[in-house]
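Structure file target-v7.cif (mmCIF, C-alpha atoms and all ligand atoms) follows.
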```cif
data_run
loop_
_atom_site.label_atom_id
_atom_site.label_comp_id
_atom_site.auth_asym_id
_atom_site.auth_seq_id
_atom_site.Cartn_x
_atom_site.Cartn_y
_atom_site.Cartn_z
CA MET A 9 -16.11 77.32 -16.98
CA ARG A 10 -18.98 75.21 -18.35
CA PRO A 11 -20.96 73.65 -15.49
CA TYR A 12 -20.93 69.88 -15.65
CA TRP A 13 -24.73 69.69 -15.59
CA LEU A 14 -25.01 71.99 -18.61
CA ASP A 15 -22.46 70.05 -20.65
CA ILE A 16 -25.29 68.28 -22.49
CA PRO A 17 -27.03 69.08 -25.77
CA HIS A 18 -29.80 71.66 -25.62
CA ARG A 19 -32.05 72.85 -28.45
CA PRO A 20 -33.20 76.24 -27.19
CA SER A 21 -36.66 77.63 -27.72
CA PRO A 22 -36.73 80.73 -29.95
CA ALA A 23 -36.46 84.27 -28.60
CA LEU A 24 -39.66 86.32 -28.44
CA ALA A 25 -39.98 88.09 -31.79
CA GLN A 26 -43.42 89.74 -31.53
CA ASP A 27 -45.83 91.26 -29.02
CA LEU A 28 -47.92 88.79 -27.05
CA LYS A 29 -51.01 88.67 -24.84
CA VAL A 30 -51.38 85.91 -22.22
CA ASP A 31 -53.08 85.26 -18.88
CA VAL A 32 -49.81 84.98 -16.94
CA VAL A 33 -46.25 85.90 -17.84
CA VAL A 34 -43.47 84.13 -15.90
CA ILE A 35 -40.05 85.79 -15.88
CA GLY A 36 -37.04 83.48 -15.34
CA ALA A 37 -36.69 79.80 -16.28
CA GLY A 38 -34.81 78.47 -13.27
CA LEU A 39 -36.43 75.87 -11.08
CA CYS A 40 -39.02 78.24 -9.61
CA GLY A 41 -40.21 79.87 -12.83
CA SER A 42 -40.26 76.55 -14.70
CA SER A 43 -42.38 74.95 -12.01
CA ALA A 44 -44.75 77.93 -11.92
CA ALA A 45 -45.11 77.81 -15.71
CA LEU A 46 -45.90 74.08 -15.65
CA HIS A 47 -48.50 74.33 -12.92
CA LEU A 48 -50.17 77.41 -14.44
CA ALA A 49 -50.37 75.75 -17.86
CA GLN A 50 -51.82 72.63 -16.25
CA GLN A 51 -54.56 74.87 -14.81
CA GLY A 52 -55.57 75.72 -18.39
CA LEU A 53 -54.21 79.30 -18.36
CA SER A 54 -52.30 80.77 -21.28
CA VAL A 55 -48.73 81.24 -20.08
CA ALA A 56 -45.52 82.72 -21.49
CA LEU A 57 -42.20 81.81 -19.85
CA LEU A 58 -39.50 84.39 -20.64
CA GLU A 59 -35.86 83.50 -19.98
CA GLY A 60 -33.05 86.02 -20.48
CA SER A 61 -30.47 83.34 -21.20
CA HIS A 62 -31.26 79.60 -21.34
CA ILE A 63 -33.35 77.25 -19.23
CA ALA A 64 -31.47 76.35 -16.02
CA SER A 65 -28.43 78.38 -17.11
CA SER A 66 -28.19 80.24 -13.80
CA ALA A 67 -28.13 78.84 -10.24
CA THR A 68 -30.46 76.00 -11.23
CA GLY A 69 -27.89 74.45 -13.60
CA ARG A 70 -24.84 75.44 -11.54
CA ASN A 71 -25.54 73.89 -8.15
CA ALA A 72 -24.80 70.55 -6.53
CA GLY A 73 -28.23 69.07 -7.21
CA PHE A 74 -28.86 68.18 -3.56
CA ILE A 75 -32.53 67.98 -2.59
CA LEU A 76 -32.20 68.74 1.09
CA GLN A 77 -34.74 69.29 3.82
CA GLY A 78 -34.70 72.49 5.84
CA THR A 79 -33.08 75.85 5.27
CA ALA A 80 -29.36 76.54 4.88
CA GLU A 81 -29.25 76.82 8.70
CA ARG A 82 -29.12 73.62 10.73
CA TYR A 83 -32.34 72.80 12.51
CA ASP A 84 -31.22 73.86 16.01
CA ARG A 85 -30.19 77.25 14.67
CA ALA A 86 -33.37 77.56 12.59
CA VAL A 87 -35.36 76.95 15.78
CA GLN A 88 -33.34 79.63 17.61
CA VAL A 89 -33.85 82.18 14.85
CA MET A 90 -37.44 81.45 13.82
CA GLY A 91 -38.96 79.84 16.87
CA ARG A 92 -39.97 76.20 17.14
CA GLU A 93 -43.36 76.30 15.41
CA ARG A 94 -42.18 78.29 12.41
CA ALA A 95 -39.01 76.23 12.03
CA ARG A 96 -41.08 73.05 12.07
CA ALA A 97 -43.57 74.42 9.53
CA VAL A 98 -40.82 75.60 7.16
CA HIS A 99 -38.99 72.28 7.50
CA ALA A 100 -42.18 70.38 6.66
CA LEU A 101 -42.61 72.50 3.50
CA THR A 102 -39.19 71.39 2.26
CA LEU A 103 -40.15 67.72 2.64
CA GLN A 104 -43.37 68.48 0.77
CA ASN A 105 -41.23 70.10 -1.96
CA HIS A 106 -39.16 66.93 -2.31
CA GLN A 107 -42.31 64.83 -2.54
CA ALA A 108 -43.71 67.13 -5.25
CA MET A 109 -40.46 66.84 -7.24
CA ALA A 110 -40.49 63.03 -6.96
CA GLN A 111 -44.11 62.96 -8.12
CA ALA A 112 -43.31 65.19 -11.09
CA ILE A 113 -40.38 62.94 -12.07
CA GLU A 114 -42.67 59.94 -11.95
CA SER A 115 -45.66 61.44 -13.70
CA HIS A 116 -43.68 63.14 -16.51
CA GLY A 117 -41.17 60.28 -16.83
CA LEU A 118 -38.21 62.65 -16.36
CA ASP A 119 -34.75 61.22 -17.07
CA CYS A 120 -32.78 63.22 -14.48
CA GLN A 121 -30.74 60.75 -12.40
CA TYR A 122 -32.98 61.24 -9.36
CA GLN A 123 -31.99 59.21 -6.32
CA LYS A 124 -33.28 59.24 -2.77
CA ARG A 125 -30.27 57.99 -0.80
CA GLY A 126 -30.56 60.46 2.09
CA SER A 127 -27.87 62.99 3.01
CA LEU A 128 -25.08 63.10 5.57
CA GLN A 129 -24.11 66.13 7.65
CA LEU A 130 -20.60 65.93 9.11
CA ALA A 131 -18.91 67.50 12.11
CA SER A 132 -15.17 68.08 12.25
CA SER A 133 -14.89 69.90 15.61
CA ALA A 134 -16.27 69.45 19.11
CA GLN A 135 -18.45 72.53 18.66
CA GLU A 136 -19.91 71.27 15.39
CA GLU A 137 -20.45 67.87 16.97
CA ALA A 138 -22.53 69.47 19.74
CA GLU A 139 -24.52 71.50 17.21
CA LEU A 140 -25.24 68.50 15.00
CA THR A 141 -26.29 66.42 17.98
CA ALA A 142 -28.66 69.19 19.13
CA ALA A 143 -30.08 69.51 15.62
CA CYS A 144 -30.63 65.76 15.38
CA GLU A 145 -32.43 65.61 18.74
CA LEU A 146 -34.67 68.52 17.83
CA LEU A 147 -35.51 67.03 14.43
CA ASN A 148 -36.53 63.76 16.07
CA ALA A 149 -38.54 65.56 18.74
CA ASP A 150 -40.43 67.41 16.00
CA GLY A 151 -41.22 64.21 14.12
CA PHE A 152 -38.51 64.36 11.41
CA GLU A 153 -36.30 61.37 10.66
CA ALA A 154 -32.60 61.91 11.50
CA ARG A 155 -29.94 59.51 12.84
CA LEU A 156 -26.68 60.21 14.64
CA ILE A 157 -23.76 58.28 13.12
CA PRO A 158 -20.90 57.94 15.63
CA LYS A 159 -17.31 58.22 14.40
CA GLU A 160 -16.75 54.44 14.47
CA ASP A 161 -19.64 53.93 12.03
CA LEU A 162 -18.49 56.57 9.54
CA PRO A 163 -16.67 55.30 6.43
CA PRO A 164 -12.85 55.40 6.91
CA ALA A 165 -12.51 57.89 4.02
CA LEU A 166 -14.49 60.40 6.08
CA THR A 167 -12.76 59.87 9.43
CA GLN A 168 -9.34 60.02 7.73
CA THR A 169 -10.25 63.50 6.51
CA GLY A 170 -11.00 64.72 10.04
CA HIS A 171 -14.73 64.10 10.37
CA ARG A 172 -15.85 62.82 13.75
CA LEU A 173 -19.65 62.53 13.76
CA GLY A 174 -22.46 62.46 11.24
CA VAL A 175 -26.19 62.98 11.08
CA PHE A 176 -27.96 60.94 8.43
CA LEU A 177 -31.21 62.33 6.99
CA PRO A 178 -32.90 59.50 5.07
CA GLY A 179 -35.51 61.78 3.48
CA ASP A 180 -33.05 63.68 1.25
CA GLY A 181 -32.17 63.12 -2.39
CA GLU A 182 -30.24 64.29 -5.43
CA VAL A 183 -30.86 65.01 -9.07
CA GLN A 184 -29.22 66.20 -12.28
CA PRO A 185 -30.65 69.71 -11.81
CA ALA A 186 -30.54 70.93 -15.42
CA ARG A 187 -32.11 67.75 -16.78
CA PHE A 188 -34.85 67.94 -14.17
CA THR A 189 -35.67 71.58 -14.93
CA ARG A 190 -35.54 71.17 -18.69
CA GLY A 191 -37.87 68.20 -18.30
CA ILE A 192 -40.27 70.38 -16.33
CA VAL A 193 -40.18 73.03 -19.07
CA ARG A 194 -40.87 70.38 -21.73
CA ALA A 195 -43.87 69.23 -19.67
CA ALA A 196 -45.02 72.87 -19.42
CA GLN A 197 -44.75 73.22 -23.21
CA GLN A 198 -46.78 70.05 -23.66
CA ALA A 199 -49.41 71.61 -21.39
CA GLY A 200 -49.51 74.65 -23.72
CA CYS A 201 -46.97 77.07 -22.20
CA ALA A 202 -45.09 79.26 -24.70
CA VAL A 203 -41.36 79.32 -23.89
CA PHE A 204 -38.93 82.00 -25.06
CA GLU A 205 -35.21 81.80 -24.34
CA ASP A 206 -32.64 84.52 -24.99
CA THR A 207 -35.42 86.96 -24.05
CA GLN A 208 -34.23 89.39 -21.42
CA VAL A 209 -36.95 91.39 -19.70
CA GLN A 210 -36.08 95.06 -19.36
CA SER A 211 -39.03 96.32 -17.34
CA LEU A 212 -42.08 95.06 -15.50
CA ASP A 213 -45.09 97.27 -14.87
CA ALA A 214 -47.56 95.40 -12.67
CA GLN A 215 -49.11 98.43 -10.95
CA ARG A 216 -52.58 97.36 -12.10
CA PRO A 217 -53.66 93.71 -11.83
CA GLY A 218 -55.25 92.69 -15.13
CA GLN A 219 -53.06 95.15 -17.06
CA VAL A 220 -49.52 93.94 -16.56
CA ASP A 221 -46.99 95.13 -19.10
CA VAL A 222 -43.60 93.50 -19.70
CA LEU A 223 -41.05 95.01 -22.06
CA THR A 224 -38.19 92.91 -23.40
CA GLN A 225 -34.75 94.21 -24.23
CA ARG A 226 -35.50 93.73 -27.95
CA GLY A 227 -38.55 95.99 -27.62
CA HIS A 228 -41.37 93.42 -27.63
CA ARG A 229 -44.27 93.69 -25.19
CA VAL A 230 -46.09 90.97 -23.29
CA GLN A 231 -49.44 91.98 -21.85
CA ALA A 232 -50.86 89.77 -19.14
CA SER A 233 -53.32 89.73 -16.26
CA LEU A 234 -50.56 88.77 -13.86
CA ALA A 235 -46.78 88.35 -13.70
CA ILE A 236 -44.64 85.95 -11.74
CA LEU A 237 -41.13 87.16 -11.02
CA ALA A 238 -38.72 84.23 -10.67
CA THR A 239 -35.38 85.88 -11.37
CA ASN A 240 -33.64 84.81 -8.16
CA ALA A 241 -30.46 86.82 -7.48
CA ARG A 242 -31.47 89.41 -10.13
CA ALA A 243 -34.82 90.03 -8.45
CA GLY A 244 -33.95 93.67 -7.65
CA GLN A 245 -33.43 94.50 -11.32
CA LEU A 246 -37.17 94.34 -12.06
CA SER A 247 -38.56 95.35 -8.66
CA ASN A 248 -37.44 98.35 -6.62
CA TRP A 249 -38.87 96.76 -3.50
CA LEU A 250 -36.61 93.73 -3.87
CA VAL A 251 -33.40 95.74 -4.39
CA ASP A 252 -32.40 95.55 -0.72
CA LYS A 253 -34.09 92.20 0.05
CA VAL A 254 -32.14 89.71 -2.12
CA ASP A 255 -28.35 89.76 -2.52
CA PRO A 256 -26.25 87.96 -5.17
CA VAL A 257 -23.77 85.57 -3.55
CA ARG A 258 -21.31 83.46 -5.56
CA GLY A 259 -20.43 79.79 -5.00
CA GLN A 260 -17.60 77.73 -6.57
CA MET A 261 -18.04 74.20 -7.93
CA LEU A 262 -16.02 71.48 -9.64
CA ALA A 263 -16.60 68.02 -11.09
CA THR A 264 -14.13 65.17 -11.61
CA ALA A 265 -13.87 62.39 -14.17
CA PRO A 266 -15.62 59.19 -12.97
CA LEU A 267 -14.03 57.57 -9.90
CA PRO A 268 -14.75 54.36 -7.97
CA PRO A 269 -17.62 54.83 -5.49
CA LEU A 270 -16.58 56.38 -2.17
CA PHE A 271 -19.58 58.45 -1.07
CA SER A 272 -23.00 56.88 -0.83
CA ALA A 273 -25.06 60.05 -0.27
CA PRO A 274 -24.74 63.84 -0.63
CA ILE A 275 -22.51 65.24 2.13
CA TYR A 276 -22.61 68.59 3.93
CA ALA A 277 -19.62 69.51 6.12
CA ASN A 278 -18.03 72.50 7.85
CA HIS A 279 -21.35 74.04 8.97
CA GLY A 280 -22.77 73.50 5.48
CA TYR A 281 -20.04 75.55 3.77
CA ASP A 282 -18.53 72.49 2.02
CA TYR A 283 -20.55 69.87 0.18
CA TRP A 284 -20.00 67.02 -2.25
CA ARG A 285 -21.61 63.96 -3.79
CA GLN A 286 -20.86 61.28 -6.34
CA THR A 287 -23.04 61.06 -9.44
CA PRO A 288 -24.34 57.69 -10.70
CA GLU A 289 -21.39 57.53 -13.14
CA GLY A 290 -18.94 58.18 -10.28
CA ARG A 291 -18.06 61.83 -10.83
CA VAL A 292 -17.45 63.77 -7.66
CA VAL A 293 -19.28 67.11 -7.69
CA LEU A 294 -17.88 69.36 -4.99
CA GLY A 295 -18.73 72.89 -3.93
CA GLY A 296 -18.23 75.44 -1.21
CA TRP A 297 -15.30 76.99 0.66
CA ARG A 298 -16.81 80.46 0.11
CA ASN A 299 -16.14 81.25 3.77
CA LEU A 300 -12.46 81.64 2.72
CA ASP A 301 -13.29 84.89 0.93
CA PRO A 302 -16.90 85.96 1.57
CA GLU A 303 -16.24 89.63 0.69
CA THR A 304 -15.10 88.77 -2.85
CA GLU A 305 -17.62 86.02 -3.50
CA VAL A 306 -20.56 88.34 -4.16
CA GLY A 307 -22.11 89.81 -7.30
CA HIS A 308 -23.59 88.49 -10.54
CA GLU A 309 -20.38 87.63 -12.39
CA GLU A 310 -20.01 83.85 -12.77
CA ARG A 311 -16.21 83.84 -12.41
CA LEU A 312 -13.82 81.34 -10.93
CA HIS A 313 -12.00 82.10 -7.68
CA PRO A 314 -8.56 80.47 -8.21
CA GLY A 315 -7.70 80.36 -4.48
CA ILE A 316 -10.96 78.67 -3.50
CA GLN A 317 -10.80 76.28 -6.47
CA GLU A 318 -7.28 75.29 -5.41
CA ARG A 319 -8.40 74.58 -1.85
CA MET A 320 -11.26 72.46 -3.21
CA SER A 321 -8.80 70.40 -5.30
CA ASP A 322 -6.48 70.02 -2.28
CA PHE A 323 -9.37 68.76 -0.16
CA LEU A 324 -10.37 66.19 -2.78
CA SER A 325 -6.84 64.88 -3.08
CA ARG A 326 -6.88 63.93 0.62
CA PHE A 327 -9.27 61.02 -0.05
CA PRO A 328 -7.83 57.55 -0.76
CA TRP A 329 -8.69 57.37 -4.47
CA GLU A 330 -7.72 54.20 -6.27
CA GLU A 331 -7.54 56.04 -9.55
CA GLN A 332 -5.94 59.25 -10.79
CA LEU A 333 -7.98 62.28 -9.74
CA GLN A 334 -8.88 64.43 -12.73
CA VAL A 335 -10.96 67.60 -12.50
CA THR A 336 -12.92 68.00 -15.74
CA HIS A 337 -15.20 70.95 -14.96
CA ARG A 338 -14.86 74.07 -12.83
CA TRP A 339 -17.57 76.70 -12.59
CA SER A 340 -19.35 79.13 -10.32
CA GLY A 341 -22.93 80.24 -9.85
CA THR A 342 -24.90 82.99 -8.16
CA MET A 343 -27.37 82.37 -5.36
CA GLY A 344 -30.01 84.84 -4.23
CA PHE A 345 -29.65 85.29 -0.46
CA SER A 346 -32.63 86.88 1.25
CA ARG A 347 -32.15 89.17 4.22
CA ASP A 348 -33.72 86.72 6.68
CA GLY A 349 -32.43 83.51 5.07
CA LEU A 350 -35.86 82.40 3.90
CA PRO A 351 -37.33 82.51 0.40
CA LEU A 352 -39.84 85.21 -0.59
CA VAL A 353 -42.85 83.47 -2.12
CA GLY A 354 -46.12 85.32 -2.71
CA PRO A 355 -47.43 88.84 -3.46
CA LEU A 356 -44.78 91.30 -4.63
CA PRO A 357 -45.08 94.54 -2.63
CA GLY A 358 -45.42 97.64 -4.79
CA GLN A 359 -46.62 95.63 -7.79
CA PRO A 360 -50.20 94.40 -7.10
CA GLY A 361 -50.29 92.59 -10.44
CA ALA A 362 -47.26 90.40 -9.62
CA LEU A 363 -46.23 87.52 -7.42
CA CYS A 364 -42.64 86.51 -6.79
CA GLY A 365 -40.61 83.41 -5.90
CA VAL A 366 -37.05 84.54 -5.13
CA GLY A 367 -34.30 84.55 -2.48
CA PHE A 368 -33.92 80.79 -2.01
CA THR A 369 -30.66 81.39 -0.10
CA GLY A 370 -28.59 78.44 -1.29
CA HIS A 371 -31.35 75.87 -0.77
CA GLY A 372 -33.56 76.35 -3.81
CA PHE A 373 -33.87 72.64 -4.53
CA GLY A 374 -35.46 72.35 -1.09
CA PHE A 375 -38.10 74.99 -1.85
CA ALA A 376 -38.38 76.27 -5.40
CA PHE A 377 -40.38 73.50 -7.10
CA LEU A 378 -43.11 73.72 -4.48
CA ALA A 379 -42.81 77.52 -4.62
CA GLY A 380 -43.72 77.43 -8.33
CA GLN A 381 -46.66 75.17 -7.55
CA ALA A 382 -47.71 77.44 -4.67
CA LEU A 383 -47.59 80.56 -6.86
CA ALA A 384 -49.78 78.81 -9.45
CA ALA A 385 -52.22 77.92 -6.66
CA MET A 386 -52.21 81.58 -5.54
CA VAL A 387 -53.23 82.58 -9.05
CA GLN A 388 -56.11 80.10 -9.06
CA HIS A 389 -57.28 80.07 -5.44
CA GLY A 390 -55.66 83.16 -3.90
CA GLU A 391 -53.85 81.13 -1.24
CA HIS A 392 -51.30 78.42 -0.51
CA ALA A 393 -49.67 77.44 2.78
CA MET A 394 -46.17 78.16 1.42
CA CYS A 395 -47.19 81.68 0.35
CA THR A 396 -48.56 82.28 3.85
CA ALA A 397 -45.43 80.97 5.57
CA LEU A 398 -43.00 82.76 3.22
CA ASP A 399 -45.05 85.87 2.39
CA PRO A 400 -42.58 88.51 1.08
CA ARG A 401 -44.48 91.24 2.97
CA ARG A 402 -42.83 90.06 6.21
CA LEU A 403 -39.76 92.08 5.10
CA SER A 404 -41.72 95.32 4.54
C1 LIG B 1 -22.82 76.94 -6.56
C2 LIG B 1 -24.21 76.68 -6.11
C3 LIG B 1 -24.51 75.50 -5.42
C4 LIG B 1 -25.82 75.25 -4.98
N1 LIG B 1 -26.14 74.04 -4.45
C5 LIG B 1 -27.43 73.79 -4.13
C6 LIG B 1 -27.84 72.50 -3.71
O1 LIG B 1 -27.08 71.55 -3.76
N2 LIG B 1 -29.11 72.32 -3.27
C7 LIG B 1 -30.00 73.36 -3.26
O2 LIG B 1 -31.13 73.19 -2.79
N3 LIG B 1 -29.67 74.56 -3.76
C8 LIG B 1 -28.42 74.79 -4.20
N4 LIG B 1 -28.10 76.00 -4.72
C9 LIG B 1 -29.15 77.02 -4.83
C10 LIG B 1 -30.12 76.69 -5.96
O3 LIG B 1 -29.42 76.38 -7.12
C11 LIG B 1 -31.02 77.90 -6.19
O4 LIG B 1 -31.60 78.28 -4.96
C12 LIG B 1 -32.12 77.62 -7.18
O5 LIG B 1 -31.62 77.04 -8.35
C13 LIG B 1 -32.85 78.91 -7.47
O6 LIG B 1 -33.73 78.71 -8.54
P1 LIG B 1 -34.42 79.97 -9.16
O7 LIG B 1 -35.38 79.50 -10.18
O8 LIG B 1 -34.94 80.84 -8.07
O9 LIG B 1 -33.22 80.82 -9.77
P2 LIG B 1 -32.25 80.69 -11.03
O10 LIG B 1 -31.88 79.31 -11.32
O11 LIG B 1 -31.14 81.65 -10.80
O12 LIG B 1 -33.15 81.19 -12.23
C14 LIG B 1 -33.47 82.55 -12.44
C15 LIG B 1 -33.56 82.75 -13.95
O13 LIG B 1 -34.03 84.05 -14.20
C16 LIG B 1 -33.38 84.51 -15.38
N5 LIG B 1 -33.46 85.97 -15.39
C17 LIG B 1 -32.90 86.83 -14.50
N6 LIG B 1 -33.19 88.10 -14.84
C18 LIG B 1 -33.97 88.01 -15.95
C19 LIG B 1 -34.61 89.00 -16.78
N7 LIG B 1 -34.51 90.31 -16.53
N8 LIG B 1 -35.33 88.57 -17.85
C20 LIG B 1 -35.47 87.24 -18.12
N9 LIG B 1 -34.87 86.28 -17.37
C21 LIG B 1 -34.14 86.67 -16.31
C22 LIG B 1 -31.96 83.98 -15.24
O14 LIG B 1 -31.30 83.93 -16.49
C23 LIG B 1 -32.21 82.61 -14.62
O15 LIG B 1 -32.27 81.59 -15.60
C24 LIG B 1 -26.82 76.25 -5.19
C25 LIG B 1 -26.53 77.41 -5.90
C26 LIG B 1 -25.24 77.62 -6.38
C27 LIG B 1 -24.96 78.86 -7.17
#
```
Translate this file's structure into structure tokens.
Ligand SMILES: Cc1cc2nc3c(=O)[nH]c(=O)nc-3n(C[C@H](O)[C@H](O)[C@H](O)COP(=O)(O)OP(=O)(O)OC[C@H]3O[C@@H](n4cnc5c(N)ncnc54)[C@H](O)[C@@H]3O)c2cc1C
Amino acid sequence: MRPYWLDIPHRPSPALAQDLKVDVVVIGAGLCGSSAALHLAQQGLSVALLEGSHIASSATGRNAGFILQGTAERYDRAVQVMGRERARAVHALTLQNHQAMAQAIESHGLDCQYQKRGSLQLASSAQEEAELTAACELLNADGFEARLIPKEDLPPALTQTGHRLGVFLPGDGEVQPARFTRGIVRAAQQAGCAVFEDTQVQSLDAQRPGQVDVLTQRGHRVQASLAILATNARAGQLSNWLVDKVDPVRGQMLATAPLPPLFSAPIYANHGYDYWRQTPEGRVVLGGWRNLDPETEVGHEERLHPGIQERMSDFLSRFPWEEQLQVTHRWSGTMGFSRDGLPLVGPLPGQPGALCGVGFTGHGFGFAFLAGQALAAMVQHGEHAMCTALDPRRLS
């Protein structure tokens, strides 16, 4: 059940053991909260980052580590749902997010297996082929790089498994997500942020800006001028307003022992339901198939779904491996799906002393680092383009 990415040593920060007073309290040390904490500390503010479990222990350390552009919807569908201008603006934000992550890796010297090899979306039916082609044309028309890969140019391993067209997005990348996020938290600590793990927040009272009160499960209080809520799928537990805006949705993952290279970039198939990549050491990390049982795959419990895991293994065994296929890790994780498929980044309705960055809807590595940066900018300047585009109040 241990996620592959978290199967590395970690020396946790201590739990909060006394009351505290800071400028800003950040709740949740996934990608969003960690990024917010770093950028706030870099602004010279006193910051406390409170994590109920461990850094990156939730969705951030349980995903596939793809850094993809766009939302979970393909671009043609995003245009249909949001309109052309908004879809283009949101898409551009995700590319900006990737750039900000790459800059952070460079400037903090993070050892996190970052690669920018692009990503490949695959079609396995005529309908999907038409959708992918439409998405590719629209991306190009809106100034984003995307290339159609006809069947004859796809690697044989992919055509043999029923794939008949691809779209290559050269701007995408991949990372060891837990290493990246822990590196960001270390950088935040170096900038002066106080980090507390195993520190579950029980209640948040941010009715009055300047007098925010956070109570932990162990009975300690953090007083702050402002709070940032970055608890993803658990957002509704500390905010009544968010209860019906972000839903917990489970995804299954597995990782194999190292195998000879077969996939040269992260792959998305079956309308984005199925996805896989090969790590630098050759492990295949594969996730998805939740469409087989969407009613069961909801809730906060990080449990395995044997039927879905079996289908994932079956799928993997269809590739022409030259070595014995051995699955070493199986795990699941919980995503926070927002009601309109877009993250909620900005002022938290009903709590004037709080901002939130939640509901990344399965694409947090396309948004959440920039979201943390944007929330820090909101604290300092009162505005950021991402907080305007993804203002939570749109769902009021
Ligand atoms: C199986 C799976 C595959 C995915 N694949 C990808 C992918 O390849 N690419 C991509 O872009 N996205 C992917 N995602 C989504 C991505 O992982 C998330 O969108 C992203 O990590 C969200 O980051 P976050 O900081 O909002 O949330 P989280 O990582 O969930 O962090 C929230 C943190 O808040 C803490 N917390 C919650 N409640 C409290 C409380 N009361 N007190 C204190 N702390 C609390 C939690 O312990 C947790 O650490 C995937 C997700 C899953 C589950």
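Distances here use only C-alpha atoms and all ligand atoms; by that measure, the residue among A:Pro355, A:Gly52, A:Gly341, A:Gly296 closest to ligand LIG 1 (chain B) is A:Gly341.
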Discussion item. Report as a ChimeraX atom specification all protein, DNA and RNA residues lying within 7 Å of Ala265 (chain A), evaluated on all atoms listed in the file, omitting residues in the same chain fewer than 6 positions from it.
Written reply: /A:291,334-336
May I have the residues within 9 Å of Ala67 (chain A) as a JSON list (two decimals) with C-alpha atoms, in the frame of the given file, using all atoms listed in the file and disregarding those fewer than 4 positions away in the same chain?
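Result written to result_33.json:
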```
[["chain", "number", "residue", "atom", "x", "y", "z"],
["A", 38, "GLY", "CA", -34.81, 78.47, -13.27],
["A", 39, "LEU", "CA", -36.43, 75.87, -11.08],
["A", 71, "ASN", "CA", -25.54, 73.89, -8.15],
["A", 240, "ASN", "CA", -33.64, 84.81, -8.16],
["A", 241, "ALA", "CA", -30.46, 86.82, -7.48],
["A", 340, "SER", "CA", -19.35, 79.13, -10.32],
["A", 341, "GLY", "CA", -22.93, 80.24, -9.85],
["A", 342, "THR", "CA", -24.90, 82.99, -8.16],
["A", 343, "MET", "CA", -27.37, 82.37, -5.36],
["A", 344, "GLY", "CA", -30.01, 84.84, -4.23],
["A", 370, "GLY", "CA", -28.59, 78.44, -1.29],
["A", 372, "GLY", "CA", -33.56, 76.35, -3.81]]
```
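Our summary of the geometry notes that atom N3 of ligand LIG 1 (chain B) is positioned 14.2 Å from CA of Gly365 (chain A).
Separating CA of Trp284 (chain A) from CA of Ala72 (chain A) is a distance of 7.3 Å.
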Item to complete: Could you please give me, as a PyMOL selection string, the residues of protein, DNA or RNA lying at most 12 Å from (-43.7, 80.4, 11.2) in the coordinate frame of the file, considering only C-alpha atoms?
Response: chain A and resi 86-87+89-101+350+393-399+402
Practice prompt. Could you please determine the separation between CA of His18 (chain A) and CA of Ala263 (chain A) in Å, to one decimal place?
Written response: 20.0 Å
Discussion item. I'd like the neighbourhood of region 221-236 of chain A as number ranges by chain, where a residue qualifies if any of its atoms comes within 7 Å (using all atoms listed in the file), though same-chain residues fewer than 5 positions away should be ignored.
Written reply: A: 25-35, 207-214, 361-364
Serialized selection, C-alpha atoms, as a compact mmCIF listing (two decimals), in the coordinates of the input:
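Final file, result.txt:
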```txt
# COMPACT_ATOMS: atom_id res chain seq x y z
CA ALA A 25 -39.98 88.09 -31.79
CA GLN A 26 -43.42 89.74 -31.53
CA ASP A 27 -45.83 91.26 -29.02
CA LEU A 28 -47.92 88.79 -27.05
CA LYS A 29 -51.01 88.67 -24.84
CA VAL A 30 -51.38 85.91 -22.22
CA ASP A 31 -53.08 85.26 -18.88
CA VAL A 32 -49.81 84.98 -16.94
CA VAL A 33 -46.25 85.90 -17.84
CA VAL A 34 -43.47 84.13 -15.90
CA ILE A 35 -40.05 85.79 -15.88
CA THR A 207 -35.42 86.96 -24.05
CA GLN A 208 -34.23 89.39 -21.42
CA VAL A 209 -36.95 91.39 -19.70
CA GLN A 210 -36.08 95.06 -19.36
CA SER A 211 -39.03 96.32 -17.34
CA LEU A 212 -42.08 95.06 -15.50
CA ASP A 213 -45.09 97.27 -14.87
CA ALA A 214 -47.56 95.40 -12.67
CA GLY A 361 -50.29 92.59 -10.44
CA ALA A 362 -47.26 90.40 -9.62
CA LEU A 363 -46.23 87.52 -7.42
CA CYS A 364 -42.64 86.51 -6.79
```
In file coordinates, which residues lie within 9 Å of (-20.7, 72.9, 7.3) using all atoms listed in the file, given as a PDB file with C-alpha atoms, in the coordinates of the input?
```
ATOM      1  CA  GLN A 129     -24.110  66.130   7.650  1.00  0.00           C
ATOM      2  CA  LEU A 130     -20.600  65.930   9.110  1.00  0.00           C
ATOM      3  CA  ALA A 131     -18.910  67.500  12.110  1.00  0.00           C
ATOM      4  CA  SER A 132     -15.170  68.080  12.250  1.00  0.00           C
ATOM      5  CA  GLU A 136     -19.910  71.270  15.390  1.00  0.00           C
ATOM      6  CA  TYR A 276     -22.610  68.590   3.930  1.00  0.00           C
ATOM      7  CA  ALA A 277     -19.620  69.510   6.120  1.00  0.00           C
ATOM      8  CA  ASN A 278     -18.030  72.500   7.850  1.00  0.00           C
ATOM      9  CA  HIS A 279     -21.350  74.040   8.970  1.00  0.00           C
ATOM     10  CA  GLY A 280     -22.770  73.500   5.480  1.00  0.00           C
ATOM     11  CA  TYR A 281     -20.040  75.550   3.770  1.00  0.00           C
ATOM     12  CA  ASP A 282     -18.530  72.490   2.020  1.00  0.00           C
ATOM     13  CA  TYR A 283     -20.550  69.870   0.180  1.00  0.00           C
TER      14      TYR A 283
END
```
